[in-house]
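Q: One file: target_2.cif (mmCIF, C-alpha atoms).
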data_upload
loop_
_atom_site.label_atom_id
_atom_site.label_comp_id
_atom_site.auth_asym_id
_atom_site.auth_seq_id
_atom_site.Cartn_x
_atom_site.Cartn_y
_atom_site.Cartn_z
CA MET A 25 -16.99 -13.57 18.49
CA TYR A 26 -15.08 -12.29 15.45
CA LYS A 27 -16.81 -14.73 13.15
CA SER A 28 -20.28 -13.63 14.27
CA ILE A 29 -19.39 -9.94 13.76
CA ILE A 30 -18.11 -10.64 10.27
CA ALA A 31 -21.11 -12.86 9.48
CA SER A 32 -23.59 -10.16 10.55
CA ILE A 33 -21.81 -7.53 8.47
CA VAL A 34 -21.80 -9.82 5.44
CA LEU A 35 -25.50 -10.65 5.96
CA ALA A 36 -26.45 -6.99 6.25
CA PHE A 37 -24.48 -6.31 3.11
CA VAL A 38 -26.14 -9.10 1.14
CA ALA A 39 -29.63 -8.25 2.45
CA CYS A 40 -29.37 -4.61 1.40
CA ASN A 41 -28.01 -5.62 -1.97
CA ILE A 42 -30.99 -7.86 -2.63
CA ALA A 43 -33.55 -5.31 -1.40
CA THR A 44 -33.44 -2.34 -3.76
CA ALA A 45 -30.31 -1.91 -5.78
CA GLN A 46 -29.56 1.76 -6.09
CA VAL A 47 -25.98 2.64 -6.92
CA GLN A 48 -23.07 0.28 -7.12
CA THR A 49 -19.47 1.22 -7.78
CA TYR A 50 -16.45 -0.84 -8.62
CA GLY A 51 -13.03 0.59 -8.10
CA PHE A 52 -9.33 -0.11 -8.40
CA ASN A 53 -6.77 1.68 -6.25
CA TYR A 54 -3.03 1.94 -6.22
CA VAL A 55 -1.98 1.68 -2.57
CA ILE A 56 1.08 3.02 -0.80
CA GLY A 57 1.48 1.19 2.51
CA VAL A 58 3.14 2.86 5.48
CA PRO A 59 3.86 0.32 8.20
CA THR A 60 3.19 1.23 11.82
CA GLY A 61 3.51 -0.52 15.19
CA ASN A 62 4.78 -4.12 15.16
CA LYS A 63 4.84 -4.21 11.39
CA ALA A 64 7.16 -1.18 11.33
CA ASP A 65 9.45 -2.99 13.78
CA PHE A 66 9.81 -5.75 11.22
CA VAL A 67 9.80 -3.69 8.01
CA SER A 68 10.01 0.07 8.39
CA ASP A 69 10.17 1.03 4.70
CA ALA A 70 6.97 2.11 2.98
CA SER A 71 5.51 -0.23 0.39
CA TYR A 72 5.00 1.13 -3.10
CA ARG A 73 3.64 -2.18 -4.32
CA GLY A 74 0.01 -2.36 -3.40
CA ALA A 75 -3.43 -2.46 -4.91
CA SER A 76 -6.99 -2.77 -3.76
CA PHE A 77 -10.32 -3.61 -5.31
CA GLU A 78 -13.52 -2.12 -3.93
CA PHE A 79 -17.17 -2.74 -4.43
CA THR A 80 -19.52 -0.17 -2.92
CA TYR A 81 -23.27 -0.28 -2.69
CA VAL A 82 -25.11 2.96 -1.85
CA PRO A 83 -28.81 2.37 -1.07
CA ASP A 84 -29.51 5.98 -0.12
CA ASP A 85 -27.90 9.38 -0.41
CA ALA A 86 -25.54 9.17 2.49
CA PHE A 87 -24.95 5.65 3.71
CA GLY A 88 -23.42 2.81 1.82
CA LEU A 89 -21.87 -0.59 2.28
CA HIS A 90 -18.57 -1.72 0.89
CA PHE A 91 -16.40 -4.71 0.31
CA GLU A 92 -12.69 -4.45 -0.34
CA ALA A 93 -9.83 -6.80 -1.01
CA GLY A 94 -6.30 -5.43 -1.00
CA TRP A 95 -2.72 -6.49 -1.34
CA ASN A 96 0.46 -4.80 -0.19
CA HIS A 97 3.98 -6.09 -0.32
CA PHE A 98 6.54 -4.62 2.07
CA TYR A 99 10.26 -5.14 1.66
CA GLN A 100 13.40 -3.99 3.39
CA SER A 101 17.02 -5.09 3.33
CA LEU A 102 19.16 -4.59 6.39
CA PRO A 103 22.89 -4.07 5.94
CA LYS A 104 25.41 -6.69 6.95
CA ALA A 105 25.58 -6.43 10.71
CA THR A 106 26.01 -8.56 13.81
CA TYR A 107 22.82 -9.39 15.67
CA GLU A 108 23.22 -10.75 19.19
CA PHE A 109 20.78 -12.98 21.03
CA GLY A 110 22.28 -13.84 24.42
CA THR A 111 25.44 -15.82 23.73
CA LEU A 112 24.49 -16.29 20.07
CA ALA A 113 25.86 -13.82 17.53
CA ILE A 114 24.86 -13.83 13.87
CA THR A 115 26.49 -11.73 11.19
CA GLY A 116 24.89 -11.36 7.81
CA LYS A 117 22.61 -9.32 5.62
CA GLN A 118 18.91 -9.55 6.26
CA TYR A 119 16.09 -9.34 3.79
CA ARG A 120 12.63 -8.88 5.21
CA TYR A 121 9.39 -9.28 3.34
CA SER A 122 5.84 -8.88 4.51
CA THR A 123 2.67 -9.27 2.51
CA SER A 124 -0.71 -8.07 3.75
CA VAL A 125 -4.05 -9.04 2.22
CA PRO A 126 -6.99 -7.31 3.91
CA ILE A 127 -10.49 -8.55 3.11
CA ILE A 128 -12.94 -6.12 4.63
CA VAL A 129 -16.64 -5.32 4.65
CA GLY A 130 -18.08 -2.17 6.18
CA ILE A 131 -20.19 0.95 5.99
CA ASN A 132 -19.55 4.30 4.28
CA TYR A 133 -20.97 7.66 5.05
CA LEU A 134 -20.87 10.41 2.41
CA ILE A 135 -20.48 13.63 4.37
CA LEU A 136 -21.45 15.95 1.47
CA PRO A 137 -23.07 13.70 -1.16
CA GLU A 138 -24.02 16.59 -3.44
CA ALA A 139 -20.65 18.36 -3.40
CA ALA A 140 -18.23 18.41 -6.33
CA ILE A 141 -15.64 16.86 -4.05
CA ILE A 142 -17.41 14.35 -1.87
CA PRO A 143 -15.75 13.70 1.46
CA TYR A 144 -16.59 10.41 3.12
CA VAL A 145 -15.74 8.30 6.11
CA ALA A 146 -15.91 4.53 6.33
CA PHE A 147 -15.43 1.83 8.86
CA GLY A 148 -14.91 -1.81 8.09
CA ALA A 149 -13.99 -5.08 9.70
CA GLY A 150 -12.89 -8.41 8.36
CA LEU A 151 -9.78 -10.50 8.05
CA MET A 152 -6.22 -9.77 7.09
CA TYR A 153 -3.76 -12.36 5.89
CA THR A 154 -0.15 -11.55 6.76
CA GLU A 155 2.91 -13.45 5.63
CA SER A 156 6.25 -12.25 6.95
CA THR A 157 9.56 -13.70 5.84
CA LEU A 158 13.02 -13.04 7.16
CA GLU A 159 15.93 -14.17 5.02
CA ALA A 160 19.48 -14.17 6.33
CA GLY A 161 22.20 -15.84 4.34
CA LEU A 162 20.65 -18.91 2.84
CA TYR A 163 18.10 -19.27 5.59
CA SER A 164 14.54 -18.24 5.50
CA ILE A 165 12.04 -18.03 8.34
CA SER A 166 8.42 -17.43 7.46
CA ARG A 167 5.29 -16.83 9.50
CA GLU A 168 1.75 -16.42 8.31
CA ALA A 169 -1.53 -15.66 9.98
CA TRP A 170 -5.17 -14.80 9.36
CA GLN A 171 -6.16 -12.16 11.84
CA PHE A 172 -9.29 -10.18 12.66
CA ALA A 173 -8.91 -6.66 11.30
CA VAL A 174 -10.64 -3.31 11.65
CA LYS A 175 -10.28 -0.41 9.24
CA PRO A 176 -11.31 3.22 9.66
CA GLU A 177 -11.09 5.20 6.43
CA LEU A 178 -11.23 8.85 5.43
CA GLY A 179 -11.36 9.96 1.81
CA VAL A 180 -12.70 12.09 -0.98
CA ALA A 181 -14.33 11.20 -4.30
CA ILE A 182 -14.24 13.58 -7.26
CA GLN A 183 -16.47 13.17 -10.26
CA LEU A 184 -14.38 13.00 -13.44
CA THR A 185 -17.12 12.18 -15.95
CA ASP A 186 -20.59 10.73 -15.70
CA GLY A 187 -20.19 7.48 -13.85
CA LEU A 188 -16.47 7.83 -13.28
CA TYR A 189 -14.93 9.09 -10.05
CA GLY A 190 -11.40 9.64 -8.87
CA LYS A 191 -10.81 8.65 -5.26
CA VAL A 192 -8.14 9.38 -2.70
CA SER A 193 -8.36 7.91 0.75
CA ALA A 194 -6.39 6.95 3.82
CA LYS A 195 -7.16 3.61 5.44
CA TYR A 196 -5.72 2.44 8.69
CA TYR A 197 -5.66 -1.31 9.19
CA GLN A 198 -5.21 -2.81 12.62
CA THR A 199 -5.31 -6.52 13.32
CA ILE A 200 -5.72 -8.35 16.60
CA LYS A 201 -2.81 -10.56 17.62
CA THR A 202 -3.05 -14.29 17.25
CA GLU A 203 -1.06 -16.95 19.08
CA ASP A 204 2.12 -16.73 16.98
CA VAL A 205 1.84 -13.36 15.27
CA LYS A 206 1.58 -9.94 16.89
CA GLY A 207 -1.07 -7.42 15.86
CA GLN A 208 -0.19 -5.83 12.54
CA SER A 209 -0.99 -2.32 11.40
CA PHE A 210 -0.34 -0.08 8.46
CA LEU A 211 -1.68 3.02 6.82
CA GLY A 212 -2.83 2.53 3.23
CA VAL A 213 -2.87 5.63 1.04
CA ASN A 214 -5.27 4.77 -1.79
CA MET A 215 -5.50 6.52 -5.16
CA GLY A 216 -7.80 5.17 -7.78
CA LEU A 217 -10.88 5.19 -9.94
CA ALA A 218 -14.42 4.17 -9.16
CA PHE A 219 -16.94 3.24 -11.87
CA ILE A 220 -20.65 3.45 -11.29
CA VAL A 221 -22.95 0.72 -12.49
CA GLN A 222 -26.61 0.29 -11.69
CA MET B 8 -26.16 12.48 -5.36
CA ILE B 9 -24.05 10.44 -7.68
CA SER B 10 -25.75 10.11 -11.03
CA VAL B 11 -26.63 6.64 -12.18
CA ILE B 12 -25.71 5.50 -15.66
CA ILE B 13 -25.28 2.28 -17.52
CA VAL B 14 -21.63 1.39 -17.93
CA HIS B 15 -20.39 1.80 -21.54
CA MET B 16 -17.86 -0.26 -23.44
CA LYS B 17 -15.42 2.66 -23.38
CA GLN B 18 -15.57 2.66 -19.63
CA VAL B 19 -15.13 -1.10 -19.48
CA SER B 20 -11.92 -0.68 -21.50
CA LEU B 21 -10.77 2.09 -19.19
CA TYR B 22 -11.64 -0.05 -16.23
CA LEU B 23 -9.60 -2.96 -17.55
CA LEU B 24 -6.74 -0.68 -18.56
CA SER B 25 -6.51 0.82 -15.09
CA GLY B 26 -6.43 -2.67 -13.62
CA ILE B 27 -3.67 -3.81 -15.98
CA LEU B 28 -1.63 -0.66 -15.34
CA LEU B 29 -2.02 -1.19 -11.64
CA LEU B 30 -0.76 -4.76 -11.88
CA GLY B 31 2.22 -3.47 -13.86
CA ILE B 32 3.08 -0.95 -11.18
CA VAL B 33 2.76 -3.31 -8.27
CA GLY B 34 4.26 -6.35 -9.96
CA CYS B 35 7.94 -5.37 -9.71
CA GLU B 36 9.75 -7.28 -7.01
CA PRO B 37 13.23 -6.17 -5.95
CA TYR B 38 15.78 -8.86 -6.64
CA GLU B 39 18.34 -9.19 -3.96
CA PRO B 40 20.87 -10.35 -2.90
CA VAL B 41 23.23 -9.31 -5.67
CA TYR B 42 26.59 -10.67 -4.56
CA THR B 43 27.58 -14.11 -3.33
CA ASP B 44 28.95 -12.71 -0.08
CA ASP B 45 25.56 -11.12 0.61
CA LEU B 46 24.53 -14.66 1.49
CA ASP B 47 27.42 -15.36 3.85
CA LEU B 48 26.32 -15.96 7.38
CA VAL B 49 28.58 -16.17 10.43
CA ILE B 50 27.09 -17.66 13.56
CA THR B 51 28.91 -18.10 16.86
CA ASN B 52 27.85 -19.34 20.25
CA TYR B 53 29.56 -20.28 23.51
CA THR B 54 28.88 -21.65 26.93
CA PRO B 55 28.57 -18.71 29.31
CA ASP B 56 29.97 -20.41 32.41
CA PHE B 57 33.26 -21.51 30.88
CA ASP B 58 36.28 -19.48 32.02
CA PHE B 59 38.10 -18.86 28.73
CA LYS B 60 40.65 -16.59 30.40
CA SER B 61 41.93 -19.46 32.55
CA LYS B 62 43.15 -21.23 29.38
CA GLN B 63 46.15 -20.18 27.37
CA THR B 64 47.26 -22.87 24.95
CA TYR B 65 45.56 -24.46 22.00
CA SER B 66 46.28 -26.88 19.23
CA VAL B 67 44.81 -27.09 15.77
CA PRO B 68 45.11 -29.91 13.22
CA ASP B 69 46.84 -29.29 9.91
CA SER B 70 43.89 -30.57 7.88
CA VAL B 71 40.23 -29.76 7.72
CA VAL B 72 37.88 -32.71 7.92
CA LEU B 73 35.28 -33.07 5.20
CA ILE B 74 32.01 -34.30 6.65
CA SER B 75 29.87 -36.32 4.32
CA GLU B 76 26.31 -37.51 4.56
CA GLU B 77 27.34 -41.13 4.62
CA ILE B 78 27.74 -42.90 7.93
CA PHE B 79 31.33 -42.45 8.84
CA SER B 80 33.79 -45.29 9.24
CA GLY B 81 37.58 -45.38 9.04
CA THR B 82 39.71 -42.48 7.90
CA PRO B 83 37.86 -39.30 7.08
CA GLN B 84 38.20 -37.33 3.89
CA PHE B 85 39.84 -33.97 4.07
CA ALA B 86 38.90 -30.69 2.48
CA ASN B 87 40.88 -29.57 -0.54
CA PRO B 88 44.12 -28.08 0.87
CA ALA B 89 43.61 -25.09 -1.45
CA TYR B 90 40.88 -24.07 0.99
CA GLY B 91 41.92 -26.09 4.05
CA ASN B 92 45.25 -24.25 4.34
CA THR B 93 43.47 -20.89 4.33
CA ILE B 94 41.11 -22.10 7.05
CA ILE B 95 43.93 -23.36 9.29
CA ALA B 96 46.03 -20.23 8.73
CA SER B 97 43.06 -17.97 9.51
CA ILE B 98 42.32 -19.83 12.74
CA LYS B 99 45.94 -19.55 13.87
CA GLU B 100 46.08 -15.88 12.98
CA ASN B 101 42.93 -15.07 14.92
CA MET B 102 43.71 -17.24 17.94
CA SER B 103 47.15 -15.66 18.15
CA ALA B 104 45.64 -12.16 17.86
CA LYS B 105 43.34 -13.04 20.77
CA GLY B 106 46.37 -13.94 22.89
CA TRP B 107 46.32 -17.74 22.70
CA THR B 108 49.52 -19.77 22.37
CA LEU B 109 49.74 -22.48 19.73
CA VAL B 110 51.24 -25.76 20.95
CA ASP B 111 51.49 -29.25 19.54
CA LYS B 112 48.65 -31.60 20.42
CA ASN B 113 51.20 -33.69 22.44
CA GLN B 114 52.11 -30.69 24.58
CA ASP B 115 48.93 -30.87 26.62
CA PRO B 116 46.99 -27.98 25.10
CA ASP B 117 44.18 -26.45 27.17
CA VAL B 118 41.83 -26.45 24.21
CA MET B 119 41.82 -27.47 20.59
CA VAL B 120 40.09 -25.93 17.63
CA LEU B 121 38.62 -28.48 15.24
CA PRO B 122 37.66 -27.23 11.79
CA SER B 123 35.38 -29.25 9.56
CA VAL B 124 33.56 -28.47 6.36
CA SER B 125 30.49 -29.88 4.76
CA GLN B 126 28.93 -29.49 1.36
CA THR B 127 26.07 -31.78 2.05
CA THR B 128 22.45 -30.75 1.97
CA ASN B 129 22.08 -31.47 5.66
CA PHE B 130 24.75 -30.82 8.21
CA PHE B 131 24.41 -31.52 11.88
CA TYR B 132 26.58 -30.33 14.72
CA TYR B 133 26.33 -33.71 16.44
CA TYR B 134 28.33 -35.49 13.72
CA SER B 135 30.52 -38.38 14.87
CA TYR B 136 33.65 -37.71 16.89
CA GLY B 137 35.13 -40.59 14.90
CA TYR B 138 36.10 -38.01 12.30
CA TRP B 139 38.77 -36.76 14.69
CA ASN B 140 40.33 -40.00 15.90
CA TRP B 141 43.13 -39.54 13.36
CA TYR B 142 44.11 -36.34 15.13
CA TYR B 143 43.18 -36.86 18.73
CA PRO B 144 42.23 -40.48 19.44
CA GLY B 145 40.00 -41.22 22.38
CA GLY B 146 36.59 -42.16 21.10
CA TRP B 147 34.74 -39.27 22.70
CA GLY B 148 31.47 -37.82 21.71
CA TRP B 149 30.40 -34.19 21.92
CA TYR B 150 28.33 -32.15 24.22
CA TYR B 151 27.50 -28.46 24.35
CA PRO B 152 27.50 -27.38 27.99
CA GLY B 153 25.36 -24.58 29.35
CA TYR B 154 22.32 -25.53 27.29
CA TYR B 155 23.58 -23.82 24.20
CA TYR B 156 23.55 -25.38 20.76
CA PRO B 157 24.92 -24.30 17.45
CA PRO B 158 22.04 -24.12 15.03
CA THR B 159 21.30 -26.98 12.71
CA VAL B 160 22.21 -26.19 9.15
CA SER B 161 20.01 -27.41 6.38
CA SER B 162 20.38 -25.89 2.97
CA TYR B 163 21.17 -26.67 -0.60
CA LYS B 164 24.39 -26.25 -2.58
CA THR B 165 26.06 -24.52 0.27
CA GLY B 166 29.35 -24.81 2.00
CA THR B 167 29.48 -24.88 5.75
CA LEU B 168 32.60 -24.42 7.84
CA PHE B 169 32.23 -25.55 11.40
CA LEU B 170 34.71 -24.56 14.10
CA GLN B 171 34.60 -26.32 17.46
CA LEU B 172 36.66 -25.12 20.37
CA VAL B 173 36.94 -28.10 22.69
CA ASP B 174 37.97 -28.05 26.35
CA LEU B 175 40.62 -30.71 27.04
CA SER B 176 41.02 -30.20 30.78
CA ASP B 177 39.19 -33.35 31.82
CA THR B 178 39.72 -35.82 29.00
CA ALA B 179 40.64 -38.65 31.37
CA ASN B 180 37.30 -38.61 33.14
CA VAL B 181 34.69 -37.86 30.50
CA ASP B 182 33.10 -39.67 27.60
CA ASN B 183 31.98 -36.53 25.84
CA LEU B 184 34.18 -33.52 25.21
CA PRO B 185 32.68 -30.14 25.98
CA VAL B 186 32.55 -27.85 22.94
CA VAL B 187 32.72 -24.52 24.75
CA TRP B 188 32.68 -22.26 21.69
CA SER B 189 31.51 -22.95 18.19
CA GLY B 190 31.43 -21.00 14.99
CA ILE B 191 29.52 -21.70 11.80
CA VAL B 192 30.20 -20.03 8.50
CA ASN B 193 27.67 -20.75 5.82
CA GLY B 194 27.47 -19.53 2.27
CA LEU B 195 27.24 -20.50 -1.35
CA ALA B 196 30.02 -22.90 -2.24
CA GLN B 197 30.82 -21.36 -5.58
CA GLY B 198 33.35 -19.10 -7.21
CA GLY B 199 37.04 -19.29 -8.04
CA THR B 200 39.64 -20.43 -5.49
CA ALA B 201 40.85 -16.88 -4.85
CA SER B 202 37.39 -15.47 -4.21
CA VAL B 203 36.33 -18.42 -2.03
CA ASN B 204 39.55 -18.10 -0.02
CA ALA B 205 38.97 -14.37 0.43
CA ARG B 206 35.47 -15.10 1.75
CA ILE B 207 36.79 -17.89 4.02
CA LYS B 208 39.34 -15.51 5.48
CA SER B 209 36.95 -12.62 6.04
CA THR B 210 34.22 -14.82 7.52
CA ILE B 211 36.62 -16.59 9.93
CA ASN B 212 37.90 -13.15 10.95
CA GLN B 213 34.30 -12.15 11.55
CA ALA B 214 33.62 -15.26 13.68
CA PHE B 215 36.46 -14.27 16.00
CA LYS B 216 35.64 -10.59 15.88
CA GLN B 217 32.10 -11.22 17.12
CA SER B 218 33.48 -13.43 19.93
CA PRO B 219 35.20 -11.13 22.45
CA ILE B 220 34.71 -13.95 24.96
CA LEU B 221 37.81 -15.57 23.41
CA ASN B 222 40.04 -12.59 24.25
CA GLN B 223 42.84 -13.51 26.63
#
Take the structure in the file and give it back as structure tokens.
A:
Amino acid sequence: MYKSIIASIVLAFVACNIATAQVQTYGFNYVIGVPTGNKADFVSDASYRGASFEFTYVPDDAFGLHFEAGWNHFYQSLPKATYEFGTLAITGKQYRYSTSVPIIVGINYLILPEAAIIPYVAFGAGLMYTESTLEAGLYSISREAWQFAVKPELGVAIQLTDGLYGKVSAKYYQTIKTEDVKGQSFLGVNMGLAFIVQ
Amino acid sequence: MISVIIVHMKQVSLYLLSGILLLGIVGCEPYEPVYTDDLDLVITNYTPDFDFKSKQTYSVPDSVVLISEEIFSGTPQFANPAYGNTIIASIKENMSAKGWTLVDKNQDPDVMVLPSVSQTTNFFYYYSYGYWNWYYPGGWGWYYPGYYYPPTVSSYKTGTLFLQLVDLSDTANVDNLPVVWSGIVNGLAQGGTASVNARIKSTINQAFKQSPILNQ
């Protein structure tokens, strides 16, 4: 199911790209990640270590297709405390790490393509790799998963010079749970530059 | 609509620069833990259906057994008394504070507390009872009633202190002695004698503190 959705999005993307290349942009973003849901239960601190790369193809004035690959690293240390699990009690400091790598394709819609500040919405789907590690004392427990992910996005692009845009956007990633790992979600606040090439 | 231009070298440089700056920003990883005792871990577990309050007396050996990776035979090695004495004293202090009465092993104690240490890379809670024949001969094995198990410890360059509280009420009729409470202290086995002893003391205190089940 997931694979066929992703495959059709990728095919549509490739097909349009081959047809009539109009405008293509490449962009880099700095990403602040704010964990939500299950991810926030594991690491509640925001991540200030994140980046994303975007490629956008705009065949007409309003609609476009995009590909993005991102990376965010979440970290939190918990103070020395006693954690009880039934009859088991463990005292120690905890260090929690979680890395998210979304790989998404999707569509964009420029709400006001001619405006000085161009608002846009986007929706994408793809995969997200998550690796979560809990360290306590000298022990380390790690779990990793590739999960199906969806991503709605809301943002604005501002032209800085010919061919160069500044972008600010909010992306919400939500994954579907797999056997061992719960669904993960976080809000990515993206700030970056987009370069236009033909 | 967005104007279309050919990308210039200046922009390529800017593009690369923004990428490099971005990597610089996101590349910093916090380095923790900072102190050795940040790595100390105290784990305790017990069998829930054992009536600890019905027992009053305990015995404890005057040496701490050193468990090695080799298959055990004969007399065990003992931990350096510089640390062993601190371990024994801390156990007595805490057991007494919980209301238990220390007796000699020949005075029919209700339970005994057996401390062992290991600096091996792999340490298992089902090590041979033969290590204790010097103190309490009988050739028993172990079991952990109530389906509880202390966790298996497997780490590198660490010191592990293992405390077993063993029920002696039925020694005549059983092959395996029930370990009704166990405590594991694990941490980096490094530092001067004074600092290691301070950590031993505070972690043993913690093991008893997080075990109100032992209160008399």
Q: Quick one: apply the PyMOL selection byres ((chain B and resi 202-217) around 7) to the file and drop the selected residues here as a PyMOL selection string.
A: (chain A and resi 113) or (chain B and resi 49-51+90+93-94+97+101+190+192+198-201+218-219)
Q: What does the PyMOL selection byres ((chain A) within 6 of (chain B)) select in this file, as a PyMOL selection string?
A: chain A and resi 73-74+111-116+137-138+161-162+221
Q: Write out as a ChimeraX atom specification which residues come within 12 Å of Tyr143 in chain B when counting only C-alpha atoms, dropping same-chain ones fewer than 5 positions away.
A: /B:66-68,111-113,115-116,118-121,136-138,173,175,178,184
Q: Write the residues of the preceding selection, restricted to C-alpha atoms, as a PDB file, in the coordinates of the input.
A:
ATOM      1  CA  SER B  66      46.280 -26.880  19.230  1.00  0.00           C
ATOM      2  CA  VAL B  67      44.810 -27.090  15.770  1.00  0.00           C
ATOM      3  CA  PRO B  68      45.110 -29.910  13.220  1.00  0.00           C
ATOM      4  CA  ASP B 111      51.490 -29.250  19.540  1.00  0.00           C
ATOM      5  CA  LYS B 112      48.650 -31.600  20.420  1.00  0.00           C
ATOM      6  CA  ASN B 113      51.200 -33.690  22.440  1.00  0.00           C
ATOM      7  CA  ASP B 115      48.930 -30.870  26.620  1.00  0.00           C
ATOM      8  CA  PRO B 116      46.990 -27.980  25.100  1.00  0.00           C
ATOM      9  CA  VAL B 118      41.830 -26.450  24.210  1.00  0.00           C
ATOM     10  CA  MET B 119      41.820 -27.470  20.590  1.00  0.00           C
ATOM     11  CA  VAL B 120      40.090 -25.930  17.630  1.00  0.00           C
ATOM     12  CA  LEU B 121      38.620 -28.480  15.240  1.00  0.00           C
ATOM     13  CA  TYR B 136      33.650 -37.710  16.890  1.00  0.00           C
ATOM     14  CA  GLY B 137      35.130 -40.590  14.900  1.00  0.00           C
ATOM     15  CA  TYR B 138      36.100 -38.010  12.300  1.00  0.00           C
ATOM     16  CA  VAL B 173      36.940 -28.100  22.690  1.00  0.00           C
ATOM     17  CA  LEU B 175      40.620 -30.710  27.040  1.00  0.00           C
ATOM     18  CA  THR B 178      39.720 -35.820  29.000  1.00  0.00           C
ATOM     19  CA  LEU B 184      34.180 -33.520  25.210  1.00  0.00           C
TER      20      LEU B 184
END
Q: Could you tell me which residues the PyMOL selection byres ((chain B and resi 222) around 9) grabs in this file, written as a list in words?
A: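 Taken on the displayed file, the PyMOL selection byres ((chain B and resi 222) around 9) yields the residues Phe59, Lys60, Met102, Ala104, Lys105, Gly106, Trp107, Ser218, Pro219, Ile220, Leu221 and Gln223 of chain B.
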Q: Between CA of Tyr50 in chain A and CA of Tyr196 in chain A, measure the distance and give it in Å to one decimal.
A: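 These atoms are spaced 20.6 Å apart.
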Q: Can you work out the spacing between CA of Asn96 in chain A and CA of Gly179 in chain A in Å, to one decimal?
A: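 Interatomic distance, CA of Asn96 in chain A to CA of Gly179 in chain A: 19.0 Å.
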Q: What is the distance between CA of Ile142 in chain A and CA of Gly57 in chain A, in Å to one decimal?
A: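 Between these atoms lies a distance of 23.4 Å.
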